[in-house]
Amino acid sequence: MKRYTEKHLTALVSDRKIGMSIHELMEKYRMPKTSVWHHVKDLSVRPAYKKILRSRQGGSKIRKQKNIEKAHNEALNLLKGVDISQAALAILASLYWAEGNKGSFVFTNTDEKMIRVFLKVMRDYLSVRNEEIQLLIRITESMGEQLCLKYWQSVTKLPMQNIRANVNNKQNKSKTKHGICRMTMKKGSYRLKLIHAIIDELAMRINGE
């Protein structure tokens with residue numbers, strides 16, 4: 001963390017105590033958010049200024065929402081000319097490149113959107129059938145085994161007999177609500193080679209080779 005002068009930090013602390021928001025402190029003192037938070041996290045805002053701070057925090061939420069909307073509109077413009085049917089295999093390969101096992105066809109994640117997309121492309125473009133897929137849901141006892149099994153069955157649309165749970169309070173610690181989804185392709189040797197071939201081809205094309 002960059003060192004700041006005592007005078008600098010004293011002024012920062014004083015401004016926080018009179019209700020200045022984190023965002024305002026970042027702009028005024030040209031400090032990153034982590035540095036500002038490190039120096040003010042244990043401070044108490046004076047009672048007379050708490051209402052001011054709450055109003056400024058509300059402004060931060062408004063800015064955040066505006067930026068979300070701006071990013072969404074920009075994303076729509078960037079994707080305007082993209083044919084998803086042509087991009088699907090590139091998406092599949094990229095996901096596997098990031099989250100897949102290199103030695104056997106195993107894909108692991110906790111994000112239901114990622115799992116849905118991965119399975120959708122596998123089914124539509126590689127003709128993968130339900131009976132070829134097995135799920136192992138890694139959870140702790142507190143998550144509720146049946147609840148998690150039903151959740152991932154709903155996400156994947158797989159028969160319940162294709163899904164089993166591994167309950168381990170020490171090894172499966174996770175902040176997720178429904179555990180970690182580990183997807184295995186039975187007899188997936190050729191499809192794994194195909195995924196790696198697509199990754200190699202994409203990498204060469206992007207690098208202009």
# chains A, B, ... in the order shown; residues from 1 in each chain; ligands from 1
call {"tool": "residues_around", "arguments": {"residues": "region 113-123 of chain A", "least_positions_apart": "2", "cutoff": "10 Å", "atoms": "only C-alpha atoms", "output": "list in words"}}
result
Ser85, Ala88, Leu89, Ala90, Ile91, Leu92, Ala93, Leu95, Tyr96, Phe107, Thr108, Asn109, Thr110, Asp111, Tyr125, Leu126, Ser127, Val128, Arg129, Asn130, Ile133, Trp152, Val155, Thr156, Lys157, Cys181, Arg182, Met183 and Arg191 of chain A
call {"tool": "residues_around", "arguments": {"residues": "Leu136 (chain A)", "least_positions_apart": "2", "cutoff": "12 Å", "atoms": "only C-alpha atoms", "output": "ChimeraX atom specification"}}
result
/A:106-110,133-134,138-139,145,148-149,152-153,160-167,172,179-185
call {"tool": "select_by_dssp", "arguments": {"residues": "region 4-96 of chain A", "states": "alpha helix (DSSP H)", "output": "ChimeraX atom specification"}}
result
/A:6-17,22-29,33-40,50-78,84-96
call {"tool": "select_by_dssp", "arguments": {"residues": "region 7-169 of chain A", "states": "strand (DSSP E or B)", "output": "ChimeraX atom specification"}}
result
/A:100,106-109,133-139,163-167
call {"tool": "write_last_selection", "arguments": {"atoms": "N, CA, C and O atoms", "output": "PDB file, in the first residue's frame"}}
result
ATOM      1  N   GLY A 100     -12.219 -25.847 -17.073  1.00  0.00           N
ATOM      2  CA  GLY A 100     -12.225 -27.290 -17.293  1.00  0.00           C
ATOM      3  C   GLY A 100     -10.940 -27.978 -16.867  1.00  0.00           C
ATOM      4  O   GLY A 100      -9.890 -27.355 -16.725  1.00  0.00           O
ATOM      5  N   VAL A 106     -13.930 -32.776 -17.436  1.00  0.00           N
ATOM      6  CA  VAL A 106     -14.584 -32.384 -16.196  1.00  0.00           C
ATOM      7  C   VAL A 106     -14.669 -30.857 -16.168  1.00  0.00           C
ATOM      8  O   VAL A 106     -13.657 -30.170 -16.352  1.00  0.00           O
ATOM      9  N   PHE A 107     -15.867 -30.348 -15.935  1.00  0.00           N
ATOM     10  CA  PHE A 107     -16.107 -28.902 -15.888  1.00  0.00           C
ATOM     11  C   PHE A 107     -16.733 -28.567 -14.546  1.00  0.00           C
ATOM     12  O   PHE A 107     -17.761 -29.138 -14.167  1.00  0.00           O
ATOM     13  N   THR A 108     -16.125 -27.650 -13.822  1.00  0.00           N
ATOM     14  CA  THR A 108     -16.566 -27.338 -12.466  1.00  0.00           C
ATOM     15  C   THR A 108     -16.838 -25.853 -12.306  1.00  0.00           C
ATOM     16  O   THR A 108     -16.017 -25.023 -12.703  1.00  0.00           O
ATOM     17  N   ASN A 109     -17.988 -25.535 -11.711  1.00  0.00           N
ATOM     18  CA  ASN A 109     -18.287 -24.138 -11.424  1.00  0.00           C
ATOM     19  C   ASN A 109     -19.433 -24.033 -10.423  1.00  0.00           C
ATOM     20  O   ASN A 109     -20.109 -25.025 -10.136  1.00  0.00           O
ATOM     21  N   ILE A 133     -23.749 -37.485 -19.174  1.00  0.00           N
ATOM     22  CA  ILE A 133     -23.323 -36.476 -18.202  1.00  0.00           C
ATOM     23  C   ILE A 133     -23.626 -36.926 -16.775  1.00  0.00           C
ATOM     24  O   ILE A 133     -24.725 -37.386 -16.482  1.00  0.00           O
ATOM     25  N   GLN A 134     -22.645 -36.764 -15.915  1.00  0.00           N
ATOM     26  CA  GLN A 134     -22.824 -37.032 -14.490  1.00  0.00           C
ATOM     27  C   GLN A 134     -22.457 -35.775 -13.703  1.00  0.00           C
ATOM     28  O   GLN A 134     -21.474 -35.106 -14.023  1.00  0.00           O
ATOM     29  N   LEU A 135     -23.255 -35.466 -12.689  1.00  0.00           N
ATOM     30  CA  LEU A 135     -22.960 -34.322 -11.828  1.00  0.00           C
ATOM     31  C   LEU A 135     -22.597 -34.802 -10.434  1.00  0.00           C
ATOM     32  O   LEU A 135     -23.235 -35.709  -9.894  1.00  0.00           O
ATOM     33  N   LEU A 136     -21.574 -34.157  -9.869  1.00  0.00           N
ATOM     34  CA  LEU A 136     -21.232 -34.351  -8.458  1.00  0.00           C
ATOM     35  C   LEU A 136     -21.344 -32.982  -7.797  1.00  0.00           C
ATOM     36  O   LEU A 136     -20.636 -32.048  -8.175  1.00  0.00           O
ATOM     37  N   ILE A 137     -22.249 -32.861  -6.843  1.00  0.00           N
ATOM     38  CA  ILE A 137     -22.465 -31.597  -6.154  1.00  0.00           C
ATOM     39  C   ILE A 137     -21.735 -31.642  -4.822  1.00  0.00           C
ATOM     40  O   ILE A 137     -22.062 -32.449  -3.950  1.00  0.00           O
ATOM     41  N   ARG A 138     -20.741 -30.788  -4.660  1.00  0.00           N
ATOM     42  CA  ARG A 138     -19.937 -30.774  -3.442  1.00  0.00           C
ATOM     43  C   ARG A 138     -20.517 -29.748  -2.473  1.00  0.00           C
ATOM     44  O   ARG A 138     -20.572 -28.558  -2.778  1.00  0.00           O
ATOM     45  N   ILE A 139     -20.966 -30.226  -1.312  1.00  0.00           N
ATOM     46  CA  ILE A 139     -21.679 -29.371  -0.363  1.00  0.00           C
ATOM     47  C   ILE A 139     -21.260 -29.684   1.074  1.00  0.00           C
ATOM     48  O   ILE A 139     -20.553 -30.647   1.323  1.00  0.00           O
ATOM     49  N   ILE A 163     -27.296 -37.338 -10.836  1.00  0.00           N
ATOM     50  CA  ILE A 163     -26.748 -36.337  -9.911  1.00  0.00           C
ATOM     51  C   ILE A 163     -26.562 -36.949  -8.535  1.00  0.00           C
ATOM     52  O   ILE A 163     -27.463 -37.598  -8.007  1.00  0.00           O
ATOM     53  N   ARG A 164     -25.384 -36.757  -7.967  1.00  0.00           N
ATOM     54  CA  ARG A 164     -25.153 -37.212  -6.597  1.00  0.00           C
ATOM     55  C   ARG A 164     -24.428 -36.122  -5.816  1.00  0.00           C
ATOM     56  O   ARG A 164     -23.855 -35.195  -6.409  1.00  0.00           O
ATOM     57  N   ALA A 165     -24.469 -36.231  -4.521  1.00  0.00           N
ATOM     58  CA  ALA A 165     -23.876 -35.213  -3.667  1.00  0.00           C
ATOM     59  C   ALA A 165     -22.700 -35.776  -2.887  1.00  0.00           C
ATOM     60  O   ALA A 165     -22.707 -36.937  -2.472  1.00  0.00           O
ATOM     61  N   ASN A 166     -21.689 -34.952  -2.724  1.00  0.00           N
ATOM     62  CA  ASN A 166     -20.577 -35.262  -1.839  1.00  0.00           C
ATOM     63  C   ASN A 166     -20.663 -34.281  -0.670  1.00  0.00           C
ATOM     64  O   ASN A 166     -20.506 -33.082  -0.848  1.00  0.00           O
ATOM     65  N   VAL A 167     -20.966 -34.803   0.515  1.00  0.00           N
ATOM     66  CA  VAL A 167     -21.155 -33.956   1.696  1.00  0.00           C
ATOM     67  C   VAL A 167     -19.915 -34.054   2.568  1.00  0.00           C
ATOM     68  O   VAL A 167     -19.603 -35.112   3.119  1.00  0.00           O
TER      69      VAL A 167
END
call {"tool": "atom_distance", "arguments": {"atom1": "CA of Ile199 (chain A)", "atom2": "CA of Asp124 (chain A)"}}
result
18.6 Å
call {"tool": "atom_distance", "arguments": {"atom1": "CA of Lys186 (chain A)", "atom2": "CA of Glu132 (chain A)"}}
result
5.2 Å
